[in-house]
$ cat model.pdb   # PDB, C-alpha atoms
MODEL        1
ATOM      1  CA  MET A 217      24.465  50.330 -12.628  1.00  0.00           C
ATOM      2  CA  ASP A 218      26.612  53.251 -13.762  1.00  0.00           C
ATOM      3  CA  LEU A 219      30.053  53.094 -12.157  1.00  0.00           C
ATOM      4  CA  ARG A 220      32.055  56.308 -11.960  1.00  0.00           C
ATOM      5  CA  TRP A 221      35.653  55.223 -11.601  1.00  0.00           C
ATOM      6  CA  ASP A 222      36.751  58.805 -12.223  1.00  0.00           C
ATOM      7  CA  ILE A 223      35.937  59.702  -8.621  1.00  0.00           C
ATOM      8  CA  LEU A 224      38.902  57.568  -7.506  1.00  0.00           C
ATOM      9  CA  ALA A 225      41.401  59.465  -9.664  1.00  0.00           C
ATOM     10  CA  GLY A 226      42.208  62.091  -7.070  1.00  0.00           C
ATOM     11  CA  TYR A 227      42.523  59.577  -4.246  1.00  0.00           C
ATOM     12  CA  GLY A 228      45.365  57.493  -5.665  1.00  0.00           C
ATOM     13  CA  PRO A 229      47.893  58.545  -2.977  1.00  0.00           C
ATOM     14  CA  LEU A 230      45.343  57.822  -0.247  1.00  0.00           C
ATOM     15  CA  PHE A 231      44.755  54.278  -1.535  1.00  0.00           C
ATOM     16  CA  LEU A 232      48.491  53.683  -1.992  1.00  0.00           C
ATOM     17  CA  ASP A 233      49.207  54.850   1.554  1.00  0.00           C
ATOM     18  CA  GLY A 234      46.375  52.661   2.811  1.00  0.00           C
ATOM     19  CA  LEU A 235      47.710  49.684   0.876  1.00  0.00           C
ATOM     20  CA  TRP A 236      51.205  50.136   2.296  1.00  0.00           C
ATOM     21  CA  THR A 237      49.840  50.509   5.822  1.00  0.00           C
ATOM     22  CA  THR A 238      47.817  47.305   5.381  1.00  0.00           C
ATOM     23  CA  ILE A 239      50.922  45.450   4.181  1.00  0.00           C
ATOM     24  CA  GLU A 240      53.028  46.761   7.065  1.00  0.00           C
ATOM     25  CA  LEU A 241      50.373  45.897   9.621  1.00  0.00           C
ATOM     26  CA  THR A 242      49.930  42.394   8.236  1.00  0.00           C
ATOM     27  CA  LEU A 243      53.668  41.675   8.108  1.00  0.00           C
ATOM     28  CA  VAL A 244      54.170  42.821  11.695  1.00  0.00           C
ATOM     29  CA  ALA A 245      51.188  40.772  12.886  1.00  0.00           C
ATOM     30  CA  ILE A 246      52.352  37.657  11.016  1.00  0.00           C
ATOM     31  CA  ALA A 247      55.912  37.908  12.355  1.00  0.00           C
ATOM     32  CA  CYS A 248      54.922  38.598  15.972  1.00  0.00           C
ATOM     33  CA  GLY A 249      52.002  36.188  15.895  1.00  0.00           C
ATOM     34  CA  LEU A 250      54.206  33.443  14.473  1.00  0.00           C
ATOM     35  CA  ALA A 251      56.833  33.906  17.187  1.00  0.00           C
ATOM     36  CA  LEU A 252      54.190  33.949  19.905  1.00  0.00           C
ATOM     37  CA  GLY A 253      52.308  31.030  18.377  1.00  0.00           C
ATOM     38  CA  VAL A 254      55.409  28.848  18.164  1.00  0.00           C
ATOM     39  CA  LEU A 255      56.205  29.537  21.816  1.00  0.00           C
ATOM     40  CA  LEU A 256      52.660  28.807  22.980  1.00  0.00           C
ATOM     41  CA  GLY A 257      52.421  25.740  20.753  1.00  0.00           C
ATOM     42  CA  LEU A 258      55.616  24.299  22.225  1.00  0.00           C
ATOM     43  CA  ILE A 259      54.367  25.039  25.732  1.00  0.00           C
ATOM     44  CA  SER A 260      51.069  23.283  25.037  1.00  0.00           C
ATOM     45  CA  SER A 261      52.869  20.295  23.519  1.00  0.00           C
ATOM     46  CA  SER A 262      55.298  20.002  26.435  1.00  0.00           C
ATOM     47  CA  ARG A 263      52.801  17.839  28.335  1.00  0.00           C
ATOM     48  CA  ASP A 264      53.961  14.957  26.094  1.00  0.00           C
ATOM     49  CA  ALA A 265      57.588  15.459  27.139  1.00  0.00           C
ATOM     50  CA  PRO A 266      59.219  13.249  29.778  1.00  0.00           C
ATOM     51  CA  PRO A 267      58.236  14.569  33.237  1.00  0.00           C
ATOM     52  CA  PRO A 268      60.944  16.602  34.988  1.00  0.00           C
ATOM     53  CA  LYS A 269      62.642  15.064  37.990  1.00  0.00           C
ATOM     54  CA  SER A 270      61.945  18.102  40.159  1.00  0.00           C
ATOM     55  CA  VAL A 271      58.432  18.247  41.597  1.00  0.00           C
ATOM     56  CA  ALA A 272      58.635  22.049  41.824  1.00  0.00           C
ATOM     57  CA  LEU A 273      59.568  22.315  38.137  1.00  0.00           C
ATOM     58  CA  HIS A 274      56.688  19.991  37.274  1.00  0.00           C
ATOM     59  CA  TRP A 275      54.177  22.336  38.920  1.00  0.00           C
ATOM     60  CA  VAL A 276      55.804  25.412  37.399  1.00  0.00           C
ATOM     61  CA  LEU A 277      55.455  23.930  33.917  1.00  0.00           C
ATOM     62  CA  LYS A 278      51.883  22.938  34.658  1.00  0.00           C
ATOM     63  CA  GLY A 279      51.105  26.506  35.730  1.00  0.00           C
ATOM     64  CA  ILE A 280      52.688  27.910  32.564  1.00  0.00           C
ATOM     65  CA  ARG A 281      50.591  25.544  30.452  1.00  0.00           C
ATOM     66  CA  GLY A 282      47.505  26.717  32.330  1.00  0.00           C
ATOM     67  CA  VAL A 283      48.304  30.371  31.579  1.00  0.00           C
ATOM     68  CA  ALA A 284      48.904  29.520  27.905  1.00  0.00           C
ATOM     69  CA  LEU A 285      45.561  27.691  27.746  1.00  0.00           C
ATOM     70  CA  ALA A 286      43.747  30.652  29.308  1.00  0.00           C
ATOM     71  CA  TYR A 287      45.401  33.036  26.838  1.00  0.00           C
ATOM     72  CA  VAL A 288      44.429  30.929  23.819  1.00  0.00           C
ATOM     73  CA  THR A 289      40.896  30.434  25.119  1.00  0.00           C
ATOM     74  CA  PHE A 290      40.376  34.181  25.604  1.00  0.00           C
ATOM     75  CA  PHE A 291      41.725  35.345  22.256  1.00  0.00           C
ATOM     76  CA  ARG A 292      39.992  32.598  20.286  1.00  0.00           C
ATOM     77  CA  GLY A 293      36.718  33.015  22.149  1.00  0.00           C
ATOM     78  CA  THR A 294      36.253  36.788  21.902  1.00  0.00           C
ATOM     79  CA  PRO A 295      35.718  38.944  18.777  1.00  0.00           C
ATOM     80  CA  LEU A 296      38.816  40.484  17.244  1.00  0.00           C
ATOM     81  CA  PHE A 297      36.987  43.804  16.932  1.00  0.00           C
ATOM     82  CA  VAL A 298      36.466  43.878  20.716  1.00  0.00           C
ATOM     83  CA  GLN A 299      40.128  42.976  21.261  1.00  0.00           C
ATOM     84  CA  ILE A 300      41.237  45.901  19.085  1.00  0.00           C
ATOM     85  CA  LEU A 301      39.050  48.324  21.033  1.00  0.00           C
ATOM     86  CA  LEU A 302      40.212  46.878  24.353  1.00  0.00           C
ATOM     87  CA  VAL A 303      43.879  47.196  23.427  1.00  0.00           C
ATOM     88  CA  HIS A 304      43.564  50.707  22.004  1.00  0.00           C
ATOM     89  CA  PHE A 305      41.281  52.307  24.576  1.00  0.00           C
ATOM     90  CA  ALA A 306      42.183  50.375  27.754  1.00  0.00           C
ATOM     91  CA  VAL A 307      45.599  48.729  27.533  1.00  0.00           C
ATOM     92  CA  MET A 308      47.556  51.324  25.550  1.00  0.00           C
ATOM     93  CA  PRO A 309      46.520  54.331  27.689  1.00  0.00           C
ATOM     94  CA  ALA A 310      47.826  52.457  30.725  1.00  0.00           C
ATOM     95  CA  LEU A 311      51.153  51.738  29.043  1.00  0.00           C
ATOM     96  CA  ILE A 312      51.672  54.907  26.983  1.00  0.00           C
ATOM     97  CA  HIS A 313      50.236  58.068  28.526  1.00  0.00           C
ATOM     98  CA  PRO A 314      51.608  61.610  28.943  1.00  0.00           C
ATOM     99  CA  ASP A 315      50.821  61.645  32.679  1.00  0.00           C
ATOM    100  CA  HIS A 316      51.043  58.103  34.040  1.00  0.00           C
ATOM    101  CA  GLY A 317      52.262  55.744  31.319  1.00  0.00           C
ATOM    102  CA  LEU A 318      53.951  52.595  32.580  1.00  0.00           C
ATOM    103  CA  LEU A 319      56.210  52.356  29.502  1.00  0.00           C
ATOM    104  CA  LEU A 320      56.220  55.881  28.099  1.00  0.00           C
ATOM    105  CA  SER A 321      55.141  59.176  29.616  1.00  0.00           C
ATOM    106  CA  GLY A 322      55.543  62.903  29.055  1.00  0.00           C
ATOM    107  CA  ASP A 323      56.033  64.485  25.640  1.00  0.00           C
ATOM    108  CA  LEU A 324      57.491  61.282  24.214  1.00  0.00           C
ATOM    109  CA  ALA A 325      54.294  59.390  24.996  1.00  0.00           C
ATOM    110  CA  ARG A 326      52.152  62.182  23.561  1.00  0.00           C
ATOM    111  CA  GLN A 327      54.160  62.242  20.311  1.00  0.00           C
ATOM    112  CA  PHE A 328      54.177  58.452  20.016  1.00  0.00           C
ATOM    113  CA  ARG A 329      50.412  58.177  20.433  1.00  0.00           C
ATOM    114  CA  GLN A 330      49.867  60.938  17.893  1.00  0.00           C
ATOM    115  CA  ASP A 331      52.177  59.460  15.254  1.00  0.00           C
ATOM    116  CA  HIS A 332      51.985  55.701  15.847  1.00  0.00           C
ATOM    117  CA  GLY A 333      49.254  55.043  18.406  1.00  0.00           C
ATOM    118  CA  ALA A 334      46.641  53.503  16.107  1.00  0.00           C
ATOM    119  CA  PHE A 335      49.190  51.406  14.201  1.00  0.00           C
ATOM    120  CA  PHE A 336      50.794  50.154  17.408  1.00  0.00           C
ATOM    121  CA  SER A 337      47.440  49.229  18.970  1.00  0.00           C
ATOM    122  CA  GLY A 338      46.297  47.478  15.810  1.00  0.00           C
ATOM    123  CA  ALA A 339      49.555  45.558  15.457  1.00  0.00           C
ATOM    124  CA  VAL A 340      49.452  44.450  19.090  1.00  0.00           C
ATOM    125  CA  ALA A 341      45.817  43.303  18.878  1.00  0.00           C
ATOM    126  CA  LEU A 342      46.302  41.443  15.588  1.00  0.00           C
ATOM    127  CA  SER A 343      49.532  39.834  16.837  1.00  0.00           C
ATOM    128  CA  LEU A 344      47.944  38.625  20.068  1.00  0.00           C
ATOM    129  CA  ASN A 345      44.964  37.234  18.185  1.00  0.00           C
ATOM    130  CA  ALA A 346      47.131  35.566  15.551  1.00  0.00           C
ATOM    131  CA  GLY A 347      49.388  34.074  18.231  1.00  0.00           C
ATOM    132  CA  ALA A 348      46.434  32.244  19.765  1.00  0.00           C
ATOM    133  CA  TYR A 349      45.364  30.695  16.459  1.00  0.00           C
ATOM    134  CA  ILE A 350      48.889  29.888  15.309  1.00  0.00           C
ATOM    135  CA  SER A 351      49.623  28.157  18.623  1.00  0.00           C
ATOM    136  CA  GLU A 352      46.761  25.756  17.947  1.00  0.00           C
ATOM    137  CA  ILE A 353      48.061  25.177  14.424  1.00  0.00           C
ATOM    138  CA  PHE A 354      51.482  24.279  15.820  1.00  0.00           C
ATOM    139  CA  ARG A 355      50.026  22.094  18.548  1.00  0.00           C
ATOM    140  CA  ALA A 356      47.925  20.181  16.017  1.00  0.00           C
ATOM    141  CA  GLY A 357      50.883  19.877  13.646  1.00  0.00           C
ATOM    142  CA  ILE A 358      53.137  18.497  16.375  1.00  0.00           C
ATOM    143  CA  GLN A 359      50.500  16.029  17.537  1.00  0.00           C
ATOM    144  CA  SER A 360      50.000  14.814  13.966  1.00  0.00           C
ATOM    145  CA  ILE A 361      53.473  13.243  14.040  1.00  0.00           C
ATOM    146  CA  HIS A 362      53.268   9.645  15.242  1.00  0.00           C
ATOM    147  CA  LEU A 363      54.327   9.265  18.861  1.00  0.00           C
ATOM    148  CA  GLY A 364      56.467   6.300  17.880  1.00  0.00           C
ATOM    149  CA  GLN A 365      58.942   8.633  16.154  1.00  0.00           C
ATOM    150  CA  THR A 366      59.353  10.639  19.340  1.00  0.00           C
ATOM    151  CA  GLN A 367      59.829   7.542  21.465  1.00  0.00           C
ATOM    152  CA  ALA A 368      62.335   6.124  18.979  1.00  0.00           C
ATOM    153  CA  SER A 369      64.309   9.373  19.149  1.00  0.00           C
ATOM    154  CA  TRP A 370      64.383   9.230  22.934  1.00  0.00           C
ATOM    155  CA  SER A 371      65.593   5.639  22.803  1.00  0.00           C
ATOM    156  CA  LEU A 372      68.481   6.763  20.570  1.00  0.00           C
ATOM    157  CA  GLY A 373      69.570   9.242  23.223  1.00  0.00           C
ATOM    158  CA  LEU A 374      68.089  12.476  21.847  1.00  0.00           C
ATOM    159  CA  THR A 375      66.680  14.921  24.353  1.00  0.00           C
ATOM    160  CA  HIS A 376      63.142  16.198  24.018  1.00  0.00           C
ATOM    161  CA  GLY A 377      64.447  19.487  22.580  1.00  0.00           C
ATOM    162  CA  GLN A 378      66.612  17.697  20.018  1.00  0.00           C
ATOM    163  CA  THR A 379      63.706  15.443  19.074  1.00  0.00           C
ATOM    164  CA  MET A 380      61.467  18.432  18.452  1.00  0.00           C
ATOM    165  CA  ARG A 381      64.142  20.252  16.465  1.00  0.00           C
ATOM    166  CA  TYR A 382      65.417  17.453  14.248  1.00  0.00           C
ATOM    167  CA  VAL A 383      62.527  14.985  14.003  1.00  0.00           C
ATOM    168  CA  VAL A 384      59.117  16.430  14.829  1.00  0.00           C
ATOM    169  CA  LEU A 385      59.118  20.072  13.729  1.00  0.00           C
ATOM    170  CA  PRO A 386      60.559  19.580  10.198  1.00  0.00           C
ATOM    171  CA  GLN A 387      57.743  17.142   9.417  1.00  0.00           C
ATOM    172  CA  ALA A 388      55.075  19.071  11.290  1.00  0.00           C
ATOM    173  CA  PHE A 389      55.902  22.383   9.599  1.00  0.00           C
ATOM    174  CA  ARG A 390      55.243  20.899   6.173  1.00  0.00           C
ATOM    175  CA  ARG A 391      51.774  19.937   7.334  1.00  0.00           C
ATOM    176  CA  MET A 392      51.191  23.332   8.935  1.00  0.00           C
ATOM    177  CA  VAL A 393      51.838  25.393   5.793  1.00  0.00           C
ATOM    178  CA  PRO A 394      48.239  25.390   4.425  1.00  0.00           C
ATOM    179  CA  ALA A 395      46.793  26.340   7.816  1.00  0.00           C
ATOM    180  CA  LEU A 396      49.434  29.057   8.316  1.00  0.00           C
ATOM    181  CA  VAL A 397      48.638  30.477   4.885  1.00  0.00           C
ATOM    182  CA  ASN A 398      44.948  30.574   5.797  1.00  0.00           C
ATOM    183  CA  GLU A 399      45.840  32.478   8.969  1.00  0.00           C
ATOM    184  CA  GLY A 400      47.901  34.949   6.937  1.00  0.00           C
ATOM    185  CA  VAL A 401      44.971  35.483   4.559  1.00  0.00           C
ATOM    186  CA  ALA A 402      42.678  36.024   7.535  1.00  0.00           C
ATOM    187  CA  LEU A 403      45.081  38.626   8.949  1.00  0.00           C
ATOM    188  CA  ILE A 404      45.085  40.556   5.678  1.00  0.00           C
ATOM    189  CA  LYS A 405      41.300  40.745   5.743  1.00  0.00           C
ATOM    190  CA  ASP A 406      41.034  41.346   9.490  1.00  0.00           C
ATOM    191  CA  SER A 407      43.374  44.331   9.217  1.00  0.00           C
ATOM    192  CA  SER A 408      40.377  46.266   7.865  1.00  0.00           C
ATOM    193  CA  LEU A 409      38.901  46.245  11.399  1.00  0.00           C
ATOM    194  CA  VAL A 410      41.690  48.533  12.591  1.00  0.00           C
ATOM    195  CA  SER A 411      40.071  51.393  10.678  1.00  0.00           C
ATOM    196  CA  ALA A 412      37.686  51.601  13.648  1.00  0.00           C
ATOM    197  CA  ILE A 413      40.446  53.210  15.736  1.00  0.00           C
ATOM    198  CA  GLY A 414      41.429  55.660  12.987  1.00  0.00           C
ATOM    199  CA  LEU A 415      44.303  53.894  11.246  1.00  0.00           C
ATOM    200  CA  ALA A 416      44.579  55.112   7.647  1.00  0.00           C
ATOM    201  CA  GLU A 417      44.566  51.750   5.885  1.00  0.00           C
ATOM    202  CA  LEU A 418      42.533  50.529   2.909  1.00  0.00           C
ATOM    203  CA  ALA A 419      39.141  50.351   4.604  1.00  0.00           C
ATOM    204  CA  LEU A 420      39.446  53.908   5.925  1.00  0.00           C
ATOM    205  CA  ALA A 421      40.496  55.126   2.469  1.00  0.00           C
ATOM    206  CA  ALA A 422      37.344  53.602   0.985  1.00  0.00           C
ATOM    207  CA  ARG A 423      35.187  55.158   3.700  1.00  0.00           C
ATOM    208  CA  THR A 424      36.760  58.547   2.972  1.00  0.00           C
ATOM    209  CA  VAL A 425      35.862  58.352  -0.727  1.00  0.00           C
ATOM    210  CA  ALA A 426      32.387  56.996   0.039  1.00  0.00           C
ATOM    211  CA  GLY A 427      31.754  59.851   2.454  1.00  0.00           C
ATOM    212  CA  ALA A 428      32.952  62.477   0.002  1.00  0.00           C
ATOM    213  CA  TYR A 429      30.760  61.334  -2.920  1.00  0.00           C
ATOM    214  CA  SER A 430      28.047  59.236  -1.232  1.00  0.00           C
ATOM    215  CA  ARG A 431      28.987  56.434  -3.617  1.00  0.00           C
ATOM    216  CA  TYR A 432      29.938  53.011  -2.351  1.00  0.00           C
ATOM    217  CA  TRP A 433      30.368  50.611  -5.249  1.00  0.00           C
ATOM    218  CA  GLU A 434      33.521  52.182  -6.658  1.00  0.00           C
ATOM    219  CA  PRO A 435      35.651  52.589  -3.479  1.00  0.00           C
ATOM    220  CA  TYR A 436      34.667  49.256  -1.952  1.00  0.00           C
ATOM    221  CA  LEU A 437      35.117  47.338  -5.195  1.00  0.00           C
ATOM    222  CA  ALA A 438      38.536  48.978  -5.519  1.00  0.00           C
ATOM    223  CA  ILE A 439      39.736  47.877  -2.090  1.00  0.00           C
ATOM    224  CA  SER A 440      38.171  44.439  -2.633  1.00  0.00           C
ATOM    225  CA  ALA A 441      40.440  44.044  -5.661  1.00  0.00           C
ATOM    226  CA  LEU A 442      43.450  45.169  -3.624  1.00  0.00           C
ATOM    227  CA  TYR A 443      42.688  42.767  -0.768  1.00  0.00           C
ATOM    228  CA  LEU A 444      42.204  39.969  -3.296  1.00  0.00           C
ATOM    229  CA  ALA A 445      45.558  40.771  -4.908  1.00  0.00           C
ATOM    230  CA  LEU A 446      47.309  40.662  -1.522  1.00  0.00           C
ATOM    231  CA  THR A 447      45.790  37.316  -0.578  1.00  0.00           C
ATOM    232  CA  MET A 448      46.685  35.816  -3.964  1.00  0.00           C
ATOM    233  CA  LEU A 449      50.278  37.025  -3.664  1.00  0.00           C
ATOM    234  CA  LEU A 450      50.534  35.474  -0.202  1.00  0.00           C
ATOM    235  CA  SER A 451      49.126  32.175  -1.495  1.00  0.00           C
ATOM    236  CA  LEU A 452      51.603  32.137  -4.378  1.00  0.00           C
ATOM    237  CA  ALA A 453      54.515  32.867  -2.041  1.00  0.00           C
ATOM    238  CA  ALA A 454      53.388  30.124   0.335  1.00  0.00           C
ATOM    239  CA  ARG A 455      53.530  27.524  -2.429  1.00  0.00           C
ATOM    240  CA  LYS A 456      57.305  27.887  -2.384  1.00  0.00           C
ATOM    241  CA  LEU A 457      57.273  26.532   1.171  1.00  0.00           C
ATOM    242  CA  GLU A 458      55.243  23.456   0.357  1.00  0.00           C
ATOM    243  CA  ALA A 459      56.871  20.108  -0.258  1.00  0.00           C
ATOM    244  CA  PRO A 460      58.067  19.340  -3.804  1.00  0.00           C
ATOM    245  CA  SER A 461      55.645  17.251  -5.826  1.00  0.00           C
ATOM    246  CA  HIS A 462      57.831  14.121  -5.660  1.00  0.00           C
ATOM    247  CA  LEU A 463      57.793  14.263  -1.836  1.00  0.00           C
ATOM    248  CA  ARG A 464      54.067  14.758  -1.347  1.00  0.00           C
ATOM    249  CA  GLY A 465      52.217  11.861   0.112  1.00  0.00           C
ATOM    250  CA  ARG A 466      55.198  10.461   1.971  1.00  0.00           C
TER     251      ARG A 466
ENDMDL
END
$ encode --input "model.pdb" --output "structure tokens"
Amino acid sequence: MDLRWDILAGYGPLFLDGLWTTIELTLVAIACGLALGVLLGLISSSRDAPPPKSVALHWVLKGIRGVALAYVTFFRGTPLFVQILLVHFAVMPALIHPDHGLLLSGDLARQFRQDHGAFFSGAVALSLNAGAYISEIFRAGIQSIHLGQTQASWSLGLTHGQTMRYVVLPQAFRRMVPALVNEGVALIKDSSLVSAIGLAELALAARTVAGAYSRYWEPYLAISALYLALTMLLSLAARKLEAPSHLRGR
């Protein structure tokens, strides 16, 4: 197999722009997905909290947990590729449209869709998908802490919120780190699916080179190396969040 790496020479700026777009998209999805996942995870775990005195509040909380469960079930049970298409071609036109946008309309909507439409749709879809998976990571991490610690905290006079903040979450987060890193790695790789809606990230850069020269080894091996570098950097950064060696196993 004769590889012609010279064909990539003129596409350096395209790959660099694609790499930066991939990084931006992943960071936005991780941040938004983490915030959403924490919220949903706490909602799902609230069934273990002491029941509220108000019957109405009890049913309100139960309804919120039902909505959270439906959300997680949908986004974990449908393909991410379909979610990206649904957000870009169905949800976004309803929210941002020159004629009848619910959030933006007129020339502002037209300019936004032209400049940022694909990135915004991709970030929203990846964030919603990541939020569903991260919520399950948080729920599992919280439930991994022995119930006796929670009950002991309540007996000492701590509220449920204080118990979660000072007792449960600090321990649970340490156990969540490997799973959260795996989700971050998955987001880096899944960002390549956004090329389907025209976002100029790494996968689209490779397709551009492949289409220009009808050669596929060189561009796809190149972006494979870039994706691998990003995932390794994320894994190295995540090690800083893990427990020190003398605390492991406690």
$ closest_residue --input "model.pdb" --among "A:Gly414, A:Pro386, A:Gly377, A:Gly364" --to "A:Ile259" --atoms "only C-alpha atoms"
A:Gly377
$ closest_residue --input "model.pdb" --among "A:Ala265, A:Leu250, A:Ile404, A:Leu277" --to "A:Ser343" --atoms "all atoms listed in the file"
A:Leu250
$ resolve_selection --input "model.pdb" --expression "the PyMOL selection byres ((chain A and resi 291) around 12)" --output "PyMOL selection string"
chain A and resi 284-290+292-300+302+341-352
$ residues_around --input "model.pdb" --residues "A:Leu241" --least-positions-apart "2" --cutoff "10 Å" --atoms "all atoms listed in the file" --output "list in words"
Leu235, Trp236, Thr237, Thr238, Ile239, Leu243, Val244, Ala245, Ile246, Phe335, Phe336, Gly338, Ala339, Val340, Leu342, Ser343, Leu403, Ile404, Ser407, Val410 and Glu417 of chain A
$ write_last_selection --input "model.pdb" --atoms "C-alpha atoms" --output "mmCIF file, in the coordinates of the input"
data_model
loop_
_atom_site.group_PDB
_atom_site.id
_atom_site.type_symbol
_atom_site.label_atom_id
_atom_site.label_comp_id
_atom_site.auth_asym_id
_atom_site.auth_seq_id
_atom_site.Cartn_x
_atom_site.Cartn_y
_atom_site.Cartn_z
ATOM 1 C CA LEU A 235 47.710 49.684 0.876
ATOM 2 C CA TRP A 236 51.205 50.136 2.296
ATOM 3 C CA THR A 237 49.840 50.509 5.822
ATOM 4 C CA THR A 238 47.817 47.305 5.381
ATOM 5 C CA ILE A 239 50.922 45.450 4.181
ATOM 6 C CA LEU A 243 53.668 41.675 8.108
ATOM 7 C CA VAL A 244 54.170 42.821 11.695
ATOM 8 C CA ALA A 245 51.188 40.772 12.886
ATOM 9 C CA ILE A 246 52.352 37.657 11.016
ATOM 10 C CA PHE A 335 49.190 51.406 14.201
ATOM 11 C CA PHE A 336 50.794 50.154 17.408
ATOM 12 C CA GLY A 338 46.297 47.478 15.810
ATOM 13 C CA ALA A 339 49.555 45.558 15.457
ATOM 14 C CA VAL A 340 49.452 44.450 19.090
ATOM 15 C CA LEU A 342 46.302 41.443 15.588
ATOM 16 C CA SER A 343 49.532 39.834 16.837
ATOM 17 C CA LEU A 403 45.081 38.626 8.949
ATOM 18 C CA ILE A 404 45.085 40.556 5.678
ATOM 19 C CA SER A 407 43.374 44.331 9.217
ATOM 20 C CA VAL A 410 41.690 48.533 12.591
ATOM 21 C CA GLU A 417 44.566 51.750 5.885
#
$ resolve_selection --input "model.pdb" --expression "the PyMOL selection byres ((chain A and resi 420-426) around 9)" --output "list in words"
Ile223, Leu224, Tyr227, Leu230, Phe231, Asp233, Gly234, Ser408, Val410, Ser411, Ala412, Gly414, Leu415, Ala416, Glu417, Leu418, Ala419, Gly427, Ala428, Tyr429, Ser430, Arg431, Tyr432, Trp433, Glu434, Pro435, Tyr436, Ala438 and Ile439 of chain A
$ residues_around --input "model.pdb" --residues "A:His313" --least-positions-apart "4" --cutoff "9 Å" --atoms "only C-alpha atoms" --output "mmCIF file with C-alpha atoms, in the coordinates of the input"
data_model
loop_
_atom_site.group_PDB
_atom_site.id
_atom_site.type_symbol
_atom_site.label_atom_id
_atom_site.label_comp_id
_atom_site.auth_asym_id
_atom_site.auth_seq_id
_atom_site.Cartn_x
_atom_site.Cartn_y
_atom_site.Cartn_z
ATOM 1 C CA MET A 308 47.556 51.324 25.550
ATOM 2 C CA PRO A 309 46.520 54.331 27.689
ATOM 3 C CA GLY A 317 52.262 55.744 31.319
ATOM 4 C CA LEU A 318 53.951 52.595 32.580
ATOM 5 C CA LEU A 319 56.210 52.356 29.502
ATOM 6 C CA LEU A 320 56.220 55.881 28.099
ATOM 7 C CA SER A 321 55.141 59.176 29.616
ATOM 8 C CA GLY A 322 55.543 62.903 29.055
ATOM 9 C CA ALA A 325 54.294 59.390 24.996
ATOM 10 C CA ARG A 326 52.152 62.182 23.561
ATOM 11 C CA ARG A 329 50.412 58.177 20.433
#
